[in-house]
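Student: Have a peek at protein.cif (mmCIF, C-alpha atoms).
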```cif
data_coords
#
loop_
_atom_site.label_atom_id
_atom_site.label_comp_id
_atom_site.auth_asym_id
_atom_site.auth_seq_id
_atom_site.Cartn_x
_atom_site.Cartn_y
_atom_site.Cartn_z
CA MET A 1 0.00 0.00 0.00
CA SER A 2 1.50 3.35 -1.02
CA ALA A 3 1.57 6.25 1.40
CA ILE A 4 -0.27 9.43 0.50
CA LEU A 5 1.97 12.49 0.39
CA GLN A 6 0.59 15.93 1.08
CA VAL A 7 2.39 18.79 -0.67
CA THR A 8 1.88 22.46 0.23
CA GLU A 9 3.86 25.67 -0.38
CA GLU A 10 5.13 28.20 2.12
CA PRO A 11 7.48 31.22 1.93
CA LEU A 12 11.07 30.71 3.02
CA SER A 13 11.73 31.49 6.68
CA GLU A 14 14.68 33.50 8.00
CA GLU A 15 16.33 30.25 9.14
CA ASP A 16 15.99 28.84 5.62
CA ILE A 17 17.59 31.91 4.04
CA LEU A 18 20.42 31.84 6.61
CA LEU A 19 21.09 28.18 5.78
CA LEU A 20 21.22 28.97 2.06
CA ARG A 21 23.46 31.98 2.65
CA ARG A 22 25.96 29.85 4.58
CA SER A 23 25.87 27.22 1.85
CA ARG A 24 26.89 29.84 -0.71
CA SER A 25 30.22 30.53 1.00
CA GLY A 26 33.16 29.80 -1.29
CA THR A 27 31.22 29.80 -4.57
CA SER A 28 33.00 32.91 -5.88
CA LEU A 29 36.40 31.31 -5.41
CA THR A 30 35.15 28.18 -7.18
CA ALA A 31 33.97 30.25 -10.15
CA ILE A 32 37.30 32.11 -10.36
CA PHE A 33 39.26 28.85 -10.22
CA ALA A 34 37.04 27.26 -12.89
CA GLY A 35 37.44 30.31 -15.13
CA LEU A 36 41.23 30.28 -14.79
CA MET A 37 41.27 26.54 -15.48
CA PHE A 38 39.19 27.09 -18.62
CA LEU A 39 41.62 29.76 -19.89
CA LEU A 40 44.62 27.55 -19.14
CA LEU A 41 43.14 24.56 -20.95
CA ALA A 42 42.07 26.73 -23.89
CA SER A 43 45.63 28.10 -24.19
CA THR A 44 47.00 24.55 -24.05
CA ALA A 45 44.66 23.35 -26.81
CA ILE A 46 45.52 26.33 -29.03
CA LEU A 47 49.25 25.77 -28.47
CA CYS A 48 48.95 22.09 -29.46
CA VAL A 49 47.09 22.99 -32.67
CA VAL A 50 49.61 25.72 -33.56
CA LEU A 51 52.52 23.32 -33.04
CA PHE A 52 50.88 20.66 -35.17
CA VAL A 53 50.13 23.08 -38.03
CA SER A 54 53.41 25.06 -38.00
CA ASP A 55 55.83 22.13 -37.68
CA SER A 56 55.57 19.93 -40.75
CA SER A 57 57.73 17.21 -39.16
CA LEU A 58 55.06 16.59 -36.53
CA ARG A 59 52.41 15.72 -39.12
CA HIS A 60 54.04 12.42 -40.11
CA GLY A 61 55.60 11.27 -36.83
CA ALA A 62 54.44 9.68 -33.59
CA GLU A 63 55.10 12.96 -31.78
CA GLY A 64 52.54 14.68 -33.99
CA MET A 65 49.89 12.08 -33.19
CA LEU A 66 50.62 12.56 -29.49
CA VAL A 67 50.26 16.35 -29.77
CA LEU A 68 47.01 15.96 -31.72
CA ALA A 69 45.63 13.47 -29.18
CA CYS A 70 46.43 15.89 -26.34
CA ALA A 71 44.63 18.69 -28.20
CA VAL A 72 41.53 16.51 -28.69
CA ALA A 73 41.51 15.42 -25.04
CA VAL A 74 41.88 18.99 -23.79
CA ALA A 75 39.15 20.17 -26.19
CA GLY A 76 36.77 17.52 -24.84
CA PHE A 77 37.35 18.64 -21.29
CA LEU A 78 36.93 22.27 -22.39
CA VAL A 79 33.45 21.47 -23.74
CA PHE A 80 32.52 19.80 -20.43
CA LEU A 81 33.88 22.67 -18.32
CA GLY A 82 32.41 25.31 -20.63
CA ARG A 83 28.90 23.87 -20.31
CA ARG A 84 29.17 24.01 -16.52
CA LEU A 85 30.40 27.61 -16.65
CA LEU A 86 27.54 28.64 -18.94
CA ARG A 87 24.98 27.17 -16.54
CA MET A 88 26.52 28.89 -13.55
CA PRO A 89 25.06 32.41 -14.08
CA HIS A 90 21.52 31.01 -14.52
CA ALA A 91 21.88 28.85 -11.41
CA TRP A 92 23.22 31.77 -9.38
CA ARG A 93 20.34 34.03 -10.46
CA ARG A 94 17.94 31.34 -9.29
CA PHE A 95 19.84 31.07 -6.01
CA ASP A 96 19.77 34.87 -5.54
CA GLN A 97 15.98 34.78 -5.95
CA ALA A 98 15.82 32.26 -3.12
CA LEU A 99 18.04 34.42 -0.91
CA LYS A 100 15.64 37.32 -1.49
CA GLY A 101 12.70 35.15 -0.47
CA ARG A 102 11.11 35.18 -3.93
CA LEU A 103 10.95 31.38 -4.27
CA PRO A 104 8.49 29.32 -2.21
CA LYS A 105 9.42 26.08 -0.52
CA GLN A 106 7.44 22.87 -0.68
CA ILE A 107 6.29 21.06 2.47
CA VAL A 108 6.02 17.31 1.83
CA SER A 109 4.20 15.44 4.61
CA GLY A 110 3.78 11.69 4.93
CA HIS A 111 4.40 8.56 6.98
CA LEU A 112 8.11 7.72 6.73
CA THR A 113 8.81 4.03 6.06
CA GLY A 114 12.45 4.09 4.94
CA PHE A 115 15.57 6.26 4.85
CA GLY A 116 19.05 5.89 3.39
CA PRO A 117 21.65 7.14 0.88
CA SER A 118 20.29 8.12 -2.50
CA GLU A 119 21.51 6.72 -5.81
CA ALA A 120 22.99 10.15 -6.52
CA PRO A 121 24.85 12.22 -3.90
CA GLY A 122 22.28 13.00 -1.23
CA ILE A 123 19.74 11.03 0.79
CA CYS A 124 16.39 9.40 0.12
CA TYR A 125 13.13 9.33 2.10
CA LEU A 126 10.68 6.50 1.47
CA PHE A 127 6.96 6.98 2.03
CA GLY A 128 5.58 3.56 1.18
CA GLU A 129 6.17 3.07 -2.54
CA GLN A 130 6.98 6.73 -3.09
CA ARG A 131 10.51 8.06 -2.70
CA VAL A 132 11.81 11.59 -2.32
CA ASP A 133 15.48 12.16 -3.22
CA VAL A 134 16.96 15.32 -1.70
CA ALA A 135 20.25 17.21 -1.66
CA LEU A 136 21.94 18.25 1.57
CA PRO A 137 23.40 21.74 2.15
CA TYR A 138 27.20 21.75 2.67
CA TRP A 139 27.51 18.28 1.09
CA ASN A 140 25.84 18.87 -2.29
CA GLU A 141 26.64 21.69 -4.72
CA ILE A 142 23.24 23.31 -4.29
CA THR A 143 24.29 26.69 -5.72
CA ARG A 144 24.97 25.19 -9.19
CA ASP A 145 23.68 21.64 -9.57
CA SER A 146 22.38 19.65 -6.63
CA ARG A 147 23.10 16.38 -8.45
CA ASN A 148 26.79 16.86 -7.64
CA GLY A 149 28.49 16.50 -4.27
CA SER A 150 29.67 13.90 -1.79
CA ARG A 151 27.94 10.54 -1.38
CA PRO A 152 27.19 9.53 2.24
CA LEU A 153 28.74 6.37 3.60
CA THR A 154 25.71 5.50 5.75
CA ALA A 155 22.38 7.13 6.59
CA THR A 156 19.87 5.97 9.21
CA ALA A 157 16.83 7.60 10.80
CA LEU A 158 13.77 7.02 12.93
CA THR A 159 11.06 5.49 10.74
CA ASP A 160 7.38 4.54 11.00
CA LEU A 161 6.68 8.15 11.99
CA PRO A 162 4.96 11.15 10.39
CA VAL A 163 7.59 13.45 8.86
CA ARG A 164 7.46 16.90 7.23
CA LEU A 165 10.18 17.74 4.69
CA HIS A 166 10.92 21.38 3.87
CA LEU A 167 12.18 21.34 0.27
CA LEU A 168 13.41 24.01 -2.15
CA THR A 169 13.66 23.26 -5.87
CA LEU A 170 16.45 25.38 -7.37
CA TRP A 171 17.09 23.65 -10.68
CA PRO A 172 14.52 21.71 -12.75
CA GLY A 173 15.35 18.01 -12.99
CA SER A 174 17.67 18.13 -9.97
CA PRO A 175 16.91 16.91 -6.43
CA PRO A 176 15.39 19.62 -4.24
CA VAL A 177 17.44 21.06 -1.37
CA LEU A 178 16.44 19.73 2.05
CA LEU A 179 16.09 22.70 4.38
CA ARG A 180 14.54 20.95 7.36
CA SER A 181 13.02 17.60 8.41
CA GLU A 182 10.42 17.74 11.15
CA TYR A 183 9.77 14.67 13.30
CA PRO A 184 7.21 14.36 16.13
CA MET A 185 9.96 14.98 18.73
CA SER A 186 11.54 17.94 16.88
CA ALA A 187 9.61 20.49 18.94
CA GLN A 188 11.06 19.02 22.17
CA ALA A 189 14.67 19.85 21.27
CA TRP A 190 16.36 22.43 23.52
CA ASN A 191 18.57 25.23 22.21
CA SER A 192 20.51 27.92 24.06
CA VAL A 193 22.87 30.80 23.28
CA GLU A 194 25.47 32.01 25.77
CA GLU A 195 28.43 34.35 25.60
CA ILE A 196 31.75 32.53 25.70
CA SER A 197 33.36 32.94 29.11
CA ASP A 198 37.02 32.96 30.12
CA ALA A 199 36.42 29.57 31.74
CA ASP A 200 35.34 28.15 28.36
CA ARG A 201 38.46 29.48 26.68
CA GLU A 202 40.63 28.13 29.50
CA THR A 203 39.03 24.69 29.20
CA VAL A 204 39.69 24.56 25.47
CA ARG A 205 43.24 25.80 26.01
CA LYS A 206 43.91 23.03 28.54
CA GLU A 207 42.71 20.47 26.01
CA GLU A 208 44.98 21.96 23.35
CA LEU A 209 47.98 21.86 25.67
CA GLY A 210 47.05 18.31 26.68
CA ALA A 211 47.14 17.25 23.03
CA ARG A 212 50.53 18.93 22.63
CA LYS A 213 51.95 17.10 25.67
CA LEU A 214 50.59 13.79 24.39
CA PHE A 215 52.25 14.07 21.00
CA TYR A 216 55.49 15.38 22.51
CA ALA A 217 55.52 12.31 24.74
CA LEU A 218 54.97 10.08 21.69
CA ALA A 219 57.84 11.87 19.96
CA LEU A 220 60.15 11.10 22.90
CA ILE A 221 59.01 7.46 22.93
CA ALA A 222 59.71 7.15 19.20
CA LEU A 223 63.10 8.79 19.68
CA ALA A 224 63.97 6.35 22.47
CA GLY A 225 62.66 3.41 20.47
CA SER A 226 64.90 4.34 17.55
CA LEU A 227 67.86 3.14 19.63
CA PHE A 228 66.52 -0.38 19.12
CA LEU A 229 64.61 0.07 15.85
CA GLY A 230 66.20 2.74 13.67
CA PRO A 231 63.24 3.67 11.41
CA LEU A 232 61.26 4.86 14.46
CA ILE A 233 63.34 8.03 14.43
CA LEU A 234 61.30 9.14 11.41
CA LEU A 235 58.16 9.20 13.55
CA SER A 236 59.65 11.45 16.19
CA PRO A 237 59.59 14.72 14.16
CA CYS A 238 56.11 13.85 12.84
CA PHE A 239 54.72 13.53 16.36
CA ALA A 240 56.51 16.72 17.43
CA LEU A 241 55.03 18.63 14.48
CA LEU A 242 51.53 17.32 15.25
CA GLY A 243 51.92 18.42 18.86
CA LEU A 244 53.02 21.89 17.77
CA VAL A 245 50.07 22.30 15.38
CA LEU A 246 47.37 20.81 17.62
CA GLY A 247 48.62 22.79 20.60
CA MET A 248 48.13 26.16 18.93
CA HIS A 249 45.36 28.53 19.97
CA SER A 250 42.13 27.72 18.15
CA PRO A 251 41.43 30.54 15.63
CA ARG A 252 37.71 29.68 15.69
CA LEU A 253 37.61 30.17 19.45
CA LYS A 254 39.35 33.54 19.11
CA ARG A 255 36.79 34.82 16.58
CA ALA A 256 33.70 33.38 18.24
CA ARG A 257 31.68 35.42 20.73
CA TYR A 258 28.84 33.04 21.55
CA LYS A 259 28.38 29.32 22.09
CA HIS A 260 25.20 27.51 21.12
CA GLY A 261 23.90 24.57 23.09
CA VAL A 262 21.76 21.78 21.62
CA ARG A 263 20.06 18.95 23.46
CA GLY A 264 17.53 16.50 22.05
CA VAL A 265 16.83 13.16 20.44
CA VAL A 266 18.78 12.15 17.33
CA GLU A 267 16.32 11.89 14.46
CA GLU A 268 18.78 11.15 11.65
CA ILE A 269 22.46 10.43 11.32
CA VAL A 270 24.27 10.77 7.99
CA THR A 271 27.95 9.78 7.95
CA TYR A 272 30.53 10.72 5.33
CA ARG A 273 34.03 9.35 4.83
CA LEU A 274 36.50 12.12 4.05
CA ARG A 275 40.05 11.56 2.88
CA THR A 276 42.82 13.28 4.82
CA THR A 277 46.12 14.67 3.62
CA THR A 278 47.80 11.42 4.72
CA PRO A 279 47.79 8.91 1.83
CA GLY A 280 45.36 6.06 2.44
CA ALA A 281 43.91 7.68 5.59
CA SER A 282 40.36 8.92 6.06
CA THR A 283 38.08 10.24 8.78
CA LEU A 284 34.39 9.79 9.50
CA VAL A 285 32.20 12.87 9.80
CA HIS A 286 28.81 12.44 11.49
CA ASN A 287 25.84 14.70 10.78
CA TYR A 288 23.09 14.53 13.39
CA ARG A 289 19.59 15.88 12.87
CA ILE A 290 18.13 17.20 16.13
CA GLY A 291 15.02 19.34 16.35
CA GLY A 292 14.68 19.16 12.56
CA VAL A 293 18.11 20.78 12.01
CA MET A 294 21.23 18.94 10.86
CA TYR A 295 24.54 19.56 12.66
CA ARG A 296 28.01 18.38 11.69
CA VAL A 297 29.73 16.89 14.74
CA GLU A 298 33.27 15.50 14.56
CA HIS A 299 34.13 13.47 17.63
CA PHE A 300 36.03 10.40 18.73
CA GLY A 301 34.34 7.32 20.13
CA GLN A 302 31.03 5.68 19.39
CA ALA A 303 28.53 7.48 17.19
CA ALA A 304 25.05 8.14 18.50
CA ALA A 305 22.13 6.21 17.00
CA PRO A 306 18.69 7.51 16.03
CA GLY A 307 16.50 7.67 19.12
CA GLN A 308 19.36 8.43 21.55
CA ALA A 309 19.40 11.69 23.49
CA VAL A 310 22.56 13.79 22.99
CA ALA A 311 23.91 17.19 24.00
CA PHE A 312 26.65 19.34 22.46
CA GLU A 313 27.84 22.91 22.04
CA TYR A 314 29.16 24.69 18.98
CA LEU A 315 30.58 28.12 18.26
CA ASP A 316 29.00 30.89 16.23
CA GLY A 317 30.37 31.89 12.86
CA ALA A 318 29.66 28.59 11.10
CA ASP A 319 31.87 27.94 8.08
CA VAL A 320 31.09 26.30 4.75
CA VAL A 321 30.73 22.85 6.29
CA GLY A 322 28.23 23.92 8.92
CA PRO A 323 28.39 24.29 12.70
CA ARG A 324 31.23 22.35 14.34
CA ALA A 325 30.78 21.19 17.90
CA MET A 326 33.04 21.92 20.88
CA PHE A 327 32.02 18.80 22.81
CA PHE A 328 29.59 15.95 22.27
CA GLN A 329 27.86 13.74 24.82
CA ILE A 330 25.47 10.81 24.47
CA GLU A 331 23.02 10.50 27.36
CA ASP A 332 24.34 8.26 30.17
CA GLN A 333 27.82 8.20 28.59
CA PRO A 334 31.01 10.24 29.28
CA THR A 335 31.55 13.50 27.40
CA MET A 336 33.63 13.16 24.21
CA THR A 337 35.96 16.07 23.43
CA LEU A 338 36.71 16.89 19.82
#
```
Could you spell out this file's structure in structure tokens?

Tutor:
Amino acid sequence: MSAILQVTEEPLSEEDILLLRRSRSGTSLTAIFAGLMFLLLASTAILCVVLFVSDSSLRHGAEGMLVLACAVAVAGFLVFLGRRLLRMPHAWRRFDQALKGRLPKQIVSGHLTGFGPSEAPGICYLFGEQRVDVALPYWNEITRDSRNGSRPLTATALTDLPVRLHLLTLWPGSPPVLLRSEYPMSAQAWNSVEEISDADRETVRKEELGARKLFYALALIALAGSLFLGPLILLSPCFALLGLVLGMHSPRLKRARYKHGVRGVVEEIVTYRLRTTTPGASTLVHNYRIGGVMYRVEHFGQAAAPGQAVAFEYLDGADVVGPRAMFFQIEDQPTMTL
């Protein structure tokens, strides 16, 4: 039996516009980089053609075929990049209309029966036999084409419940942007805003110095171990450098003026695997939906599951990847520092 979905329209709220505005951060730099890349590739293609035409010896040798193949390959990528650049102004005008509140959002209501990663980057809600694929701010390129972005590793949620999805369609044929997901317990979430105190800064500073001492100790252990196993000496400067970097004053804490507290039941958790600068290494980034809002929380230890009560704090001045927490705690479990 298929679930019946109810669809209505409402104007964008201030919270919706703020979410979209934060998601736009960094798009200008992306456009500049893409434009410079297009000019560089165009110059490369023209240079290859000029070399092939002006040098008669290249027309009959293997080197000429190589130059011509490079020109064709670069031209193909130019067509692909050029099409994306041509669509960018239209997509940005549409996005600007949303920021000015001129586009309505759609409220899709139904009984949620399933939830998980979508076939494209994004997540999928199942309402019986009907599915709704959506794009996530910060993780999908919603300012240009919401079909692009990062694919989640896992996605779980509370199901067999009535759910309201706040959706914004920016580009025809692309998944709508998910602004908010309201569950029955969303209204029970608790939020607070407090000015950051000297005690908060001192606590964070102690944690930073504790991390520095830990890695300095590991550096000394590696240095001592190199007396018995020579290659360990290579780890000693690496640990010392990590201790120096991790022990620095947090720039985010310096800029922030307020801390935001969140406490409530986890409604959804979407996890991404991000590669680090170390070859072959990666890190897991958890995104928890609490009170209908999704928060990015990077922490060590066990991840919370849908239905568990959690509490955390994050600083103001959210960056392009969303609010980042200062600490994270699952109910009836010790606090996990970040």

Student: Rounded to one decimal in Å, what is the spacing between atom CA of Lys105 of chain A and atom CA of Glu267 of chain A?

Tutor: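 We find that atom CA of Lys105 of chain A and atom CA of Glu267 of chain A lie 21.8 Å from each other.
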
Student: Once the PyMOL selection byres ((chain A and resi 140) around 9) is applied to the coordinates I shared, what remains selected? I want it as a ChimeraX atom specification.

Tutor: /A:121-122,135-139,141-143,145-151,177

Student: Pick out the residues sitting within 6 Å of Arg263 of chain A, and hand them over as a ChimeraX atom specification; count all atoms listed in the file, and ignore anything fewer than 6 positions along from it in its own chain.

Tutor: /A:189-190,310-311

Student: Choose the residue, out of A:Lys100, A:Arg180, A:Lys213, A:Arg131, that has the smallest atom-to-atom separation from Leu19 of chain A; count all atoms listed in the file.

Tutor: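 When distances to Leu19 of chain A are compared using all atoms listed in the file, the smallest one comes from A:Arg180.
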
Student: Pick out the closest residue to Ala222 of chain A from this set: A:Leu112, A:Phe239, A:Phe328, A:Gly210. Count all atoms listed in the file.

Tutor: A:Phe239

Student: Residues near segment 215-219 of chain A, anyone? I mean within 8 Å using all atoms listed in the file, not counting same-chain ones fewer than 4 positions away, as JSON, numbers by chain.

Tutor: {"A": [211, 223, 235, 236, 237, 238, 239, 240, 242, 243]}

Student: Select, from A:Val74, A:Met185, A:Arg275, A:Gln6, the residue with the minimum atom-to-atom distance to Gly291 of chain A, counting only C-alpha atoms.

Tutor: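 Result for the nearest residue to Gly291 of chain A: A:Met185.
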
Student: Padding 8 Å on every side, please: axis-aligned box over the listed atoms of segment 10-21 of chain A, centre and edge lengths to one decimal in Å, as AutoDock Vina command-line options.

Tutor:
```
--center_x 14.3 --center_y 30.8 --center_z 5.5 --size_x 34.3 --size_y 21.3 --size_z 23.2
```

Student: Tell me which of A:Arg212, A:Val262, A:His299, A:Arg94 sits closest to Leu241 of chain A, counting all atoms listed in the file.

Tutor: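 For Leu241 of chain A, the nearest of the given residues is A:Arg212.
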
Student: Atom CA of Glu182 of chain A to atom CA of Val132 of chain A: how many Å, to one decimal?

Tutor: 14.9 Å

Student: Kindly give the distance, in Å, that separates atom CA of Gln130 of chain A and atom CA of Leu5 of chain A, rounded to a single decimal.

Tutor: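 That distance, rounded to one decimal, is 8.4 Å.
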
Student: Expanded to explicit residues, what is the PyMOL selection byres ((chain A and resi 104) around 8) for this file, as a PyMOL selection string?

Tutor: chain A and resi 9-12+98+101-103+105-106+168

Student: On this file, the PyMOL selection byres ((chain A and resi 116) around 10) gives some set of residues; write that set as a compact mmCIF listing (two decimals) with C-alpha atoms, in the coordinates of the input.

Tutor:
```
# COMPACT_ATOMS: atom_id res chain seq x y z
CA GLY A 114 12.45 4.09 4.94
CA PHE A 115 15.57 6.26 4.85
CA PRO A 117 21.65 7.14 0.88
CA SER A 118 20.29 8.12 -2.50
CA GLU A 119 21.51 6.72 -5.81
CA GLY A 122 22.28 13.00 -1.23
CA ILE A 123 19.74 11.03 0.79
CA CYS A 124 16.39 9.40 0.12
CA TYR A 125 13.13 9.33 2.10
CA LEU A 126 10.68 6.50 1.47
CA ASP A 133 15.48 12.16 -3.22
CA PRO A 152 27.19 9.53 2.24
CA LEU A 153 28.74 6.37 3.60
CA THR A 154 25.71 5.50 5.75
CA ALA A 155 22.38 7.13 6.59
CA THR A 156 19.87 5.97 9.21
CA ALA A 157 16.83 7.60 10.80
CA GLU A 268 18.78 11.15 11.65
CA ILE A 269 22.46 10.43 11.32
CA VAL A 270 24.27 10.77 7.99
```

Student: Choose the residue, out of A:Leu315, A:Ala45, A:Ala187, A:Ile233, that has the smallest atom-to-atom separation from Tyr258 of chain A; count all atoms listed in the file.

Tutor: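 The answer is A:Leu315, which sits nearest to Tyr258 of chain A.
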
Student: Which residue, A:Ser282, A:Leu179, A:Glu195, A:Glu298, has the smallest gap to Leu167 of chain A when you use only C-alpha atoms?

Tutor: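 Looking at the shortest contact to Leu167 of chain A, the residue is A:Leu179.
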
Student: Identify, on the basis of only C-alpha atoms, every residue whose closest approach to Val72 of chain A does not exceed 12 Å; exclude the query and any residue fewer than 4 positions from it along the same chain; express the result as a compact mmCIF listing (two decimals) with C-alpha atoms, keeping the file's coordinate frame.

Tutor:
```
# COMPACT_ATOMS: atom_id res chain seq x y z
CA LEU A 41 43.14 24.56 -20.95
CA ALA A 42 42.07 26.73 -23.89
CA THR A 44 47.00 24.55 -24.05
CA ALA A 45 44.66 23.35 -26.81
CA ILE A 46 45.52 26.33 -29.03
CA CYS A 48 48.95 22.09 -29.46
CA VAL A 49 47.09 22.99 -32.67
CA MET A 65 49.89 12.08 -33.19
CA LEU A 66 50.62 12.56 -29.49
CA VAL A 67 50.26 16.35 -29.77
CA LEU A 68 47.01 15.96 -31.72
CA GLY A 76 36.77 17.52 -24.84
CA PHE A 77 37.35 18.64 -21.29
CA LEU A 78 36.93 22.27 -22.39
CA VAL A 79 33.45 21.47 -23.74
```

Student: Which polymer residues, protein or nucleic acid, are no farther than 9 Å from (7.8, 11.7, 6.6), counting all atoms listed in the file, as a VMD selection string?

Tutor: chain A and resid 5 108 to 113 125 to 127 159 to 165 181 to 183
